[in-house]
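Enquirer: My questions will all concern the structure given below.
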Amino acid sequence: MSVLVNKDSRVVVQGFTGKEGSFHASQMVEYGTRVVGGVTPGKGGQEHLGVPVFNTVEQAVKEAGANVSIIFVPPAFGADAILEAADAGIGVIVCITEGIPVKDMIYVKDYIKRKGCRLIGPNCPGVITPGEAKVGIMPGFVFKPGRIGIVSKSGTLTYEAADQVVKAGLGISTAIGIGGDPIIGTSTKEAVELLMNDPDTDGIVMIGEIGGNYEALASRWVKEQGNPKPVVGFIAGQTAPKGKRMGHAGAIIGGADDTAEAKKAIMSQCGISVVESPAHIGRTMVQAMGLAKA
Amino acid sequence: MNIHEFQGKAILKNYGVPVQEGLVAYSVAESIDKAKQLQQETSTGWFVIKAQIHAGGRGKGTIKETGSRGVVLAKSLEQVPDKVKDILGGTLVTIQTGAAGKKVNQVLIAQDVYYPGKSEPKEFYISVLLDRGTGKNVIMYSTEGGMDIEHVAETSPEKIFKEYIEPGQGLQAFQARKIAFNLGLSGNAFKSMIAFVNALYNAYADTDAAMFEINPVLKTSDDKIIAVDAKVNLEDNALFRHPDFDQLCDDSEEDPLEVEAKKHNLNYVKLDGNVGCMVNGAGLAMATMDMIKLSGGNPANFLDVGGTANAQTVEAGFRLILQDPNVKAILVNIFGGIVRCDRVAQGIVDAYNNIGDIPVPIIVRLQGTNAEEAKKIIDNSGLKVYPATPLEEAAELVKKVLA
């Protein structure tokens, strides 16, 4: 079954006819994702990549039965696109757009919470349930089906982790790229919780980075639950200097709790298998699974 | 984007936040004119001369060349030029600048606000910023003004208060009152503080700021509330809504390599290590830096070539890394998702050919989309690079080339 997206997901692409939207929509279709339509205001009634273009998300929901949305619009229109999807009743909204102002995300997050829908991102690679649906921009071939879930703030580091897990002989149930912005729709803890409750997931890779307290909150939650499934954790940014933004808007060390060291210490205390080198994620997952069986 | 104190104060003033008045000067001669003008406008007798750099701790910092502090008091108009001479053009070293310090290109000539009067002046701390945990803006304030707030947080956390702002609701009247009460104010000072906090929050929200830190906020001896300093950080992602803020950007405050990187749309941060790296994606870039450290090296930089990396941007990245004389080796780590490995490979080949002789060993690890085509391009080029496929192999090669 996995989580968030599967073969029955009916995906609408917001920013469908733009360069990025077009490219990744066709990649998703090629992967086997059920893309039922796209939205580009003003281009409603046209056809693109063999599916209808709608003026509004509401139309895509009513006429094509869309229940998952993926957003590729420019940052200035990102907040509006998320709100439109939420207002139209979309259950899972995946926002790829990087650079949405924090001020916009403050009210978007508040609205999403009240609407009861799930937002993944922004500034994320998306979600993939291998063999069923890819709602994102990740290279699909890396993610072979299996029973390990991945939660990550980073794009390419997610691919790296998946590649290692697969080459170590395991596979992926669902990989969730939660995004690297200071305010994101789904926190590390919420994504880990989804995978903990998923009967098709046996182990979890949790990848974080400097800044914020999401990894600490997720780790404490895992411990409170009695560590029901093995979790392997990595935090990027051990060597990052304080006060400097490392690419992602959210990757900045403000206080002592933001550092990779502090986060890794909390993770270890909570029974998570912390890897020091990003090259050891796959290997450690195999070990953790072995220990879990014993 | 960080801006100078005088620029931050101009923004505050624009929103009705009372500030310590001042005028900026770029030369000693100008400083005299500005001091005279300030005296006419504010009738101040003393002048505070403040070095304008993008770093805190200026008051306790030292100008390398002259031994002067970064913030000094001139007790007459006549003293102004000599005091300015000791600061302007000098290199200010503070706890935040590192040993190299920062060049002072302008000074702020500010009015004296600690004049005697009916009551004792009192300093407070107020900042507005995002609380990432709750996803809300928060006003953080303390009775312990004029001190390093991190120090206050460690030694007396009970003296730091927080007021969270509900999304879509804004700062409420009761919250502004609470702040003024918690700071122990009454009478005119109480009323002035409420007006101050309201104007400050309004300025923060309207400018899409990432952080306002006013330390100290001063209650003067005649019960006015004013911002004596202003540390303002504007949110980069929101600058498109404020084209007028472009002019506030001061490239001389940034590392020259970082400024150059920006021109090529590269995300680069200069570090002090010996192994340069070029990576796609911020998370993988940080992870690669960490791996360099574990392999016995130290990262010389953070460099994310992003999702649109092509031959041009990759070549620009190489040129940036090679400008750093500390670099003894370069690790290219690309996991192809959006970015295609063959493009990166072509960039490496072109960079080699265009730059000529690259004097340091290069480890190239390409994995993901079109990795096989990429490997062919590298193999057929005849370049002297160390190829790697698993990340572990790249880590071993870093060890090897540093040995």
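By convention here, the chains of the structure tokens are called A, B, ... in the order presented, each chain's residues are numbered starting at 1, and ligands are numbered starting at 1 in the order presented.
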Write down, as number ranges by chain, each residue of chain A that has any atom within 8 Å of an atom of chain B, counting only C-alpha atoms.

Expert: A: 99-103, 106-107, 109-110, 137-139, 142, 153-157, 159-160, 182-183, 209, 212-214, 235-240, 244, 246-248, 277-280

Enquirer: For the residues in that selection, give me N, CA and C atoms as a short mmCIF file (atom, residue, chain, number, x, y, z; two decimals), in the first residue's frame.

Expert:
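Saved to selection34.cif:
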```cif
data_model
loop_
_atom_site.label_atom_id
_atom_site.label_comp_id
_atom_site.auth_asym_id
_atom_site.auth_seq_id
_atom_site.Cartn_x
_atom_site.Cartn_y
_atom_site.Cartn_z
N GLY A 99 11.88 28.79 -3.37
CA GLY A 99 11.98 30.25 -3.28
C GLY A 99 10.70 30.96 -2.89
N ILE A 100 9.72 30.24 -2.36
CA ILE A 100 8.49 30.90 -1.90
C ILE A 100 8.82 31.67 -0.61
N PRO A 101 8.46 32.96 -0.52
CA PRO A 101 8.78 33.74 0.68
C PRO A 101 8.18 33.11 1.95
N VAL A 102 8.93 33.20 3.03
CA VAL A 102 8.50 32.67 4.33
C VAL A 102 7.16 33.28 4.74
N LYS A 103 7.02 34.58 4.51
CA LYS A 103 5.78 35.27 4.90
C LYS A 103 4.56 34.60 4.26
N ILE A 106 3.79 31.17 5.96
CA ILE A 106 3.19 31.25 7.30
C ILE A 106 1.67 31.11 7.19
N TYR A 107 1.05 31.88 6.26
CA TYR A 107 -0.41 31.78 6.18
C TYR A 107 -0.86 30.55 5.40
N LYS A 109 0.59 27.57 5.58
CA LYS A 109 0.63 26.44 6.50
C LYS A 109 -0.59 26.46 7.44
N ASP A 110 -0.94 27.66 7.88
CA ASP A 110 -2.10 27.83 8.76
C ASP A 110 -3.39 27.37 8.05
N ILE A 137 10.32 14.94 -9.00
CA ILE A 137 11.33 15.18 -10.03
C ILE A 137 12.52 14.24 -9.90
N MET A 138 12.38 13.21 -9.08
CA MET A 138 13.51 12.30 -8.84
C MET A 138 13.71 11.36 -10.03
N PRO A 139 14.96 10.86 -10.22
CA PRO A 139 15.18 9.88 -11.28
C PRO A 139 14.56 8.55 -10.84
N VAL A 142 16.26 4.89 -9.97
CA VAL A 142 17.06 4.66 -8.76
C VAL A 142 16.24 3.94 -7.68
N LYS A 153 15.10 15.93 3.83
CA LYS A 153 14.94 17.36 3.54
C LYS A 153 15.58 17.72 2.20
N SER A 154 16.39 16.81 1.69
CA SER A 154 17.20 17.15 0.52
C SER A 154 16.78 16.34 -0.70
N GLY A 155 17.07 16.85 -1.90
CA GLY A 155 16.74 16.16 -3.13
C GLY A 155 17.76 15.10 -3.47
N THR A 156 18.92 15.56 -3.92
CA THR A 156 19.92 14.60 -4.41
C THR A 156 20.41 13.66 -3.31
N LEU A 157 20.39 14.12 -2.07
CA LEU A 157 20.81 13.23 -0.98
C LEU A 157 19.78 12.10 -0.79
N TYR A 159 18.23 10.73 -3.36
CA TYR A 159 18.55 9.78 -4.44
C TYR A 159 19.75 8.93 -4.02
N GLU A 160 20.72 9.61 -3.42
CA GLU A 160 21.92 8.93 -2.94
C GLU A 160 21.54 7.83 -1.94
N PRO A 182 12.47 26.83 5.59
CA PRO A 182 12.21 26.98 7.03
C PRO A 182 10.80 26.56 7.42
N ILE A 183 9.81 26.78 6.54
CA ILE A 183 8.45 26.33 6.83
C ILE A 183 8.02 25.37 5.74
N GLU A 209 19.23 17.92 8.01
CA GLU A 209 20.37 18.81 7.85
C GLU A 209 20.32 19.86 8.95
N GLY A 212 16.77 24.34 12.47
CA GLY A 212 15.47 23.88 12.93
C GLY A 212 15.55 22.73 13.92
N ASN A 213 14.38 22.23 14.34
CA ASN A 213 14.37 21.18 15.38
C ASN A 213 13.58 19.94 14.94
N TYR A 214 13.31 19.82 13.65
CA TYR A 214 12.45 18.73 13.16
C TYR A 214 12.99 17.34 13.45
N ILE A 235 22.60 13.42 9.39
CA ILE A 235 22.41 14.88 9.37
C ILE A 235 23.54 15.50 8.57
N ALA A 236 23.19 16.20 7.50
CA ALA A 236 24.19 16.86 6.68
C ALA A 236 24.53 18.22 7.28
N GLY A 237 25.81 18.56 7.23
CA GLY A 237 26.22 19.89 7.66
C GLY A 237 27.10 19.93 8.88
N GLN A 238 27.74 18.80 9.19
CA GLN A 238 28.69 18.75 10.30
C GLN A 238 29.76 19.83 10.15
N THR A 239 30.17 20.08 8.92
CA THR A 239 31.27 21.02 8.67
C THR A 239 30.79 22.42 8.26
N ALA A 240 29.47 22.65 8.35
CA ALA A 240 28.94 23.96 7.95
C ALA A 240 29.22 25.00 9.04
N LYS A 244 25.78 30.86 8.33
CA LYS A 244 25.85 30.92 6.87
C LYS A 244 24.79 30.00 6.29
N MET A 246 23.41 27.44 3.90
CA MET A 246 24.02 26.47 3.01
C MET A 246 23.01 26.04 1.94
N GLY A 247 22.83 26.88 0.96
CA GLY A 247 21.95 26.54 -0.16
C GLY A 247 20.48 26.59 0.19
N HIS A 248 20.00 25.60 0.91
CA HIS A 248 18.60 25.60 1.32
C HIS A 248 18.32 26.78 2.24
N SER A 277 29.15 8.99 8.08
CA SER A 277 29.47 9.25 6.68
C SER A 277 28.25 8.99 5.80
N PRO A 278 27.97 9.92 4.87
CA PRO A 278 26.83 9.72 3.97
C PRO A 278 27.02 8.49 3.07
N ALA A 279 28.25 7.95 3.03
CA ALA A 279 28.50 6.78 2.19
C ALA A 279 28.04 5.49 2.86
N HIS A 280 27.65 5.57 4.14
CA HIS A 280 27.33 4.35 4.90
C HIS A 280 25.84 4.17 5.18
#
```

Enquirer: For Tyr31 (chain A), find every residue with an atom within 9 Å (counting only C-alpha atoms), except residues of its own chain fewer than 4 positions away, and show them as an NGL selection string.

Expert: :A and (26-27 or 131-134 or 140-141)

Enquirer: Next, write the just-selected residues to a file, as a compact mmCIF listing (two decimals), in the first residue's frame, keeping N, CA and C atoms as the atom set.

Expert:
```txt
# COMPACT_ATOMS: atom_id res chain seq x y z
N SER A 26 5.88 14.83 -18.24
CA SER A 26 6.08 13.75 -19.21
C SER A 26 6.92 12.63 -18.59
N GLN A 27 7.88 13.00 -17.76
CA GLN A 27 8.67 11.99 -17.05
C GLN A 27 7.79 11.15 -16.12
N GLY A 131 7.38 1.73 -8.53
CA GLY A 131 6.54 0.77 -9.25
C GLY A 131 5.09 1.20 -9.33
N GLU A 132 4.70 2.24 -8.58
CA GLU A 132 3.30 2.68 -8.59
C GLU A 132 3.14 4.12 -9.09
N ALA A 133 3.75 5.04 -8.40
CA ALA A 133 3.59 6.43 -8.80
C ALA A 133 4.79 7.27 -8.39
N LYS A 134 5.19 8.14 -9.30
CA LYS A 134 6.22 9.12 -9.01
C LYS A 134 5.56 10.48 -9.11
N GLY A 140 13.48 8.15 -11.51
CA GLY A 140 12.68 7.01 -11.07
C GLY A 140 13.44 5.70 -10.99
N PHE A 141 14.41 5.50 -11.90
CA PHE A 141 15.08 4.20 -11.98
C PHE A 141 15.90 3.86 -10.74
```

Enquirer: From region 1-101 of chain A, collect each residue whose DSSP state is helix (DSSP H, G or I) and return the set as a ChimeraX atom specification.

Expert: /A:19-31,57-64,75-87

Enquirer: Output C-alpha atoms for every residue in the selection just made, as a CSV table (one decimal), in the first residue's frame.

Expert:
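What follows is the written file part22.csv:
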```csv
chain,number,residue,atom,x,y,z
A,19,LYS,CA,9.1,24.3,-19.2
A,20,GLU,CA,9.7,22.5,-15.9
A,21,GLY,CA,6.1,21.4,-15.5
A,22,SER,CA,6.0,19.9,-19.0
A,23,PHE,CA,9.3,18.1,-18.7
A,24,HIS,CA,8.6,16.5,-15.4
A,25,ALA,CA,4.9,15.7,-16.2
A,26,SER,CA,6.1,13.7,-19.2
A,27,GLN,CA,8.7,12.0,-17.0
A,28,MET,CA,6.0,11.1,-14.5
A,29,VAL,CA,3.7,9.8,-17.3
A,30,GLU,CA,6.6,7.7,-18.6
A,31,TYR,CA,7.1,6.3,-15.1
A,57,VAL,CA,-7.8,23.1,-10.0
A,58,GLU,CA,-11.5,22.9,-9.1
A,59,GLN,CA,-12.2,21.9,-12.7
A,60,ALA,CA,-9.5,19.3,-12.7
A,61,VAL,CA,-11.1,17.8,-9.5
A,62,LYS,CA,-14.6,17.9,-10.9
A,63,GLU,CA,-13.9,16.8,-14.5
A,64,ALA,CA,-10.9,14.6,-14.2
A,75,PRO,CA,7.9,31.2,-6.5
A,76,ALA,CA,5.8,34.4,-6.6
A,77,PHE,CA,2.7,32.3,-7.4
A,78,GLY,CA,3.6,29.3,-5.2
A,79,ALA,CA,1.5,30.2,-2.2
A,80,ASP,CA,-1.5,30.9,-4.4
A,81,ALA,CA,-1.2,27.6,-6.2
A,82,ILE,CA,-1.1,25.7,-2.9
A,83,LEU,CA,-4.1,27.5,-1.6
A,84,GLU,CA,-6.0,26.9,-4.8
A,85,ALA,CA,-5.3,23.1,-4.6
A,86,ALA,CA,-6.3,23.0,-0.9
A,87,ASP,CA,-9.5,25.0,-1.6
```

Enquirer: Would you list the contacts of region 310-322 of chain B as JSON, numbers by chain, taking every protein, DNA or RNA residue within 9 Å and counting only C-alpha atoms, but skipping same-chain residues closer than 3 positions in sequence?

Expert: {"B": [257, 258, 260, 261, 264, 265, 266, 268, 276, 277, 278, 300, 301, 303, 305, 325, 326, 327, 330, 339, 340, 343, 344, 345, 346, 347, 348, 349, 350, 351, 352, 354, 355, 358, 359, 360]}

Enquirer: From a DSSP calculation on the backbone, collect every residue of region 142-240 of chain A in strand (DSSP E or B) and output the set as a list in words.

Expert: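 Residues of region 142-240 of chain A classed as strand (DSSP E or B): Pro145, Gly146, Arg147, Ile148, Gly149, Ile150, Val151, Ser152, Ile172, Ser173, Thr174, Ala175, Ile176, Gly177, Gly203, Ile204, Val205, Met206, Ile207, Gly208, Glu209, Val231, Val232, Gly233, Phe234, Ile235 and Ala236 of chain A.
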
Enquirer: I'd like the contact shell of Ile281 (chain A) - 8 Å cut-off, only C-alpha atoms, skipping same-chain residues fewer than 4 positions apart - returned as a ChimeraX atom specification.

Expert: /A:161,164-165,205,232-234,275,277,285

Enquirer: Just all heavy atoms for this one: save the residues we selected as a PDB file, in the first residue's frame.

Expert:
```pdb
ATOM      1  N   ALA A 161      20.686   8.200  -0.985  1.00  0.00           N
ATOM      2  CA  ALA A 161      20.284   7.233   0.039  1.00  0.00           C
ATOM      3  C   ALA A 161      19.533   6.062  -0.582  1.00  0.00           C
ATOM      4  O   ALA A 161      19.799   4.900  -0.277  1.00  0.00           O
ATOM      5  CB  ALA A 161      19.417   7.928   1.089  1.00  0.00           C
ATOM      6  N   GLN A 164      21.873   3.728  -2.421  1.00  0.00           N
ATOM      7  CA  GLN A 164      22.641   2.872  -1.499  1.00  0.00           C
ATOM      8  C   GLN A 164      21.771   1.755  -0.916  1.00  0.00           C
ATOM      9  O   GLN A 164      22.207   0.611  -0.803  1.00  0.00           O
ATOM     10  CB  GLN A 164      23.231   3.703  -0.362  1.00  0.00           C
ATOM     11  CG  GLN A 164      24.410   4.558  -0.780  1.00  0.00           C
ATOM     12  CD  GLN A 164      25.001   5.314   0.396  1.00  0.00           C
ATOM     13  OE1 GLN A 164      24.951   4.858   1.529  1.00  0.00           O
ATOM     14  NE2 GLN A 164      25.552   6.478   0.124  1.00  0.00           N
ATOM     15  N   VAL A 165      20.553   2.119  -0.542  1.00  0.00           N
ATOM     16  CA  VAL A 165      19.634   1.131   0.040  1.00  0.00           C
ATOM     17  C   VAL A 165      19.350   0.021  -0.977  1.00  0.00           C
ATOM     18  O   VAL A 165      19.399  -1.168  -0.663  1.00  0.00           O
ATOM     19  CB  VAL A 165      18.318   1.807   0.504  1.00  0.00           C
ATOM     20  CG1 VAL A 165      17.237   0.772   0.801  1.00  0.00           C
ATOM     21  CG2 VAL A 165      18.576   2.677   1.741  1.00  0.00           C
ATOM     22  N   VAL A 205      14.776   5.370   6.663  1.00  0.00           N
ATOM     23  CA  VAL A 205      15.967   6.218   6.588  1.00  0.00           C
ATOM     24  C   VAL A 205      15.502   7.656   6.781  1.00  0.00           C
ATOM     25  O   VAL A 205      14.606   8.123   6.078  1.00  0.00           O
ATOM     26  CB  VAL A 205      16.688   6.088   5.225  1.00  0.00           C
ATOM     27  CG1 VAL A 205      17.855   7.066   5.159  1.00  0.00           C
ATOM     28  CG2 VAL A 205      17.171   4.665   4.994  1.00  0.00           C
ATOM     29  N   VAL A 232      17.441   4.616  10.523  1.00  0.00           N
ATOM     30  CA  VAL A 232      18.820   5.030  10.289  1.00  0.00           C
ATOM     31  C   VAL A 232      18.800   6.523   9.994  1.00  0.00           C
ATOM     32  O   VAL A 232      17.982   6.986   9.182  1.00  0.00           O
ATOM     33  CB  VAL A 232      19.436   4.248   9.105  1.00  0.00           C
ATOM     34  CG1 VAL A 232      20.768   4.854   8.685  1.00  0.00           C
ATOM     35  CG2 VAL A 232      19.604   2.779   9.475  1.00  0.00           C
ATOM     36  N   GLY A 233      19.643   7.273  10.671  1.00  0.00           N
ATOM     37  CA  GLY A 233      19.610   8.729  10.502  1.00  0.00           C
ATOM     38  C   GLY A 233      20.931   9.316  10.075  1.00  0.00           C
ATOM     39  O   GLY A 233      22.007   8.840  10.460  1.00  0.00           O
ATOM     40  N   PHE A 234      20.840  10.348   9.263  1.00  0.00           N
ATOM     41  CA  PHE A 234      22.029  11.117   8.869  1.00  0.00           C
ATOM     42  C   PHE A 234      21.675  12.594   8.901  1.00  0.00           C
ATOM     43  O   PHE A 234      20.570  12.983   8.508  1.00  0.00           O
ATOM     44  CB  PHE A 234      22.503  10.724   7.460  1.00  0.00           C
ATOM     45  CG  PHE A 234      23.645  11.577   6.952  1.00  0.00           C
ATOM     46  CD1 PHE A 234      24.930  11.411   7.467  1.00  0.00           C
ATOM     47  CD2 PHE A 234      23.435  12.561   5.995  1.00  0.00           C
ATOM     48  CE1 PHE A 234      25.977  12.209   7.026  1.00  0.00           C
ATOM     49  CE2 PHE A 234      24.487  13.363   5.544  1.00  0.00           C
ATOM     50  CZ  PHE A 234      25.757  13.182   6.063  1.00  0.00           C
ATOM     51  N   VAL A 275      24.463   7.553  11.200  1.00  0.00           N
ATOM     52  CA  VAL A 275      25.654   7.323  10.381  1.00  0.00           C
ATOM     53  C   VAL A 275      26.454   8.617  10.305  1.00  0.00           C
ATOM     54  O   VAL A 275      25.901   9.696  10.155  1.00  0.00           O
ATOM     55  CB  VAL A 275      25.320   6.836   8.945  1.00  0.00           C
ATOM     56  CG1 VAL A 275      24.779   5.432   8.971  1.00  0.00           C
ATOM     57  CG2 VAL A 275      24.354   7.757   8.244  1.00  0.00           C
ATOM     58  N   SER A 277      29.148   8.986   8.082  1.00  0.00           N
ATOM     59  CA  SER A 277      29.471   9.248   6.676  1.00  0.00           C
ATOM     60  C   SER A 277      28.247   8.995   5.805  1.00  0.00           C
ATOM     61  O   SER A 277      27.573   7.973   5.947  1.00  0.00           O
ATOM     62  CB  SER A 277      30.605   8.352   6.207  1.00  0.00           C
ATOM     63  OG  SER A 277      30.682   8.393   4.785  1.00  0.00           O
ATOM     64  N   MET A 285      21.638   0.544   7.114  1.00  0.00           N
ATOM     65  CA  MET A 285      20.236   0.120   7.076  1.00  0.00           C
ATOM     66  C   MET A 285      20.158  -1.399   7.096  1.00  0.00           C
ATOM     67  O   MET A 285      19.329  -1.984   7.806  1.00  0.00           O
ATOM     68  CB  MET A 285      19.558   0.680   5.809  1.00  0.00           C
ATOM     69  CG  MET A 285      18.049   0.554   5.810  1.00  0.00           C
ATOM     70  SD  MET A 285      17.236   1.696   6.959  1.00  0.00           S
ATOM     71  CE  MET A 285      16.405   0.578   8.047  1.00  0.00           C
TER      72      MET A 285
END
```

Enquirer: Quick one: pull the distance between CA of Val19 (chain B) and CA of Ala74 (chain B), Å, one decimal.

Expert: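 So the answer is 19.4 Å.
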
Enquirer: What is the CA of Val166 (chain A)-CA of Gly282 (chain A) distance in Å, reported with one decimal?

Expert: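 We find that CA of Val166 (chain A) and CA of Gly282 (chain A) lie 7.6 Å from each other.
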
Enquirer: What does the distance from CA of Asn215 (chain B) to CA of Tyr141 (chain B) come to in Å, to one decimal?

Expert: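 About the pair CA of Asn215 (chain B) and CA of Tyr141 (chain B): they are 9.7 Å apart.
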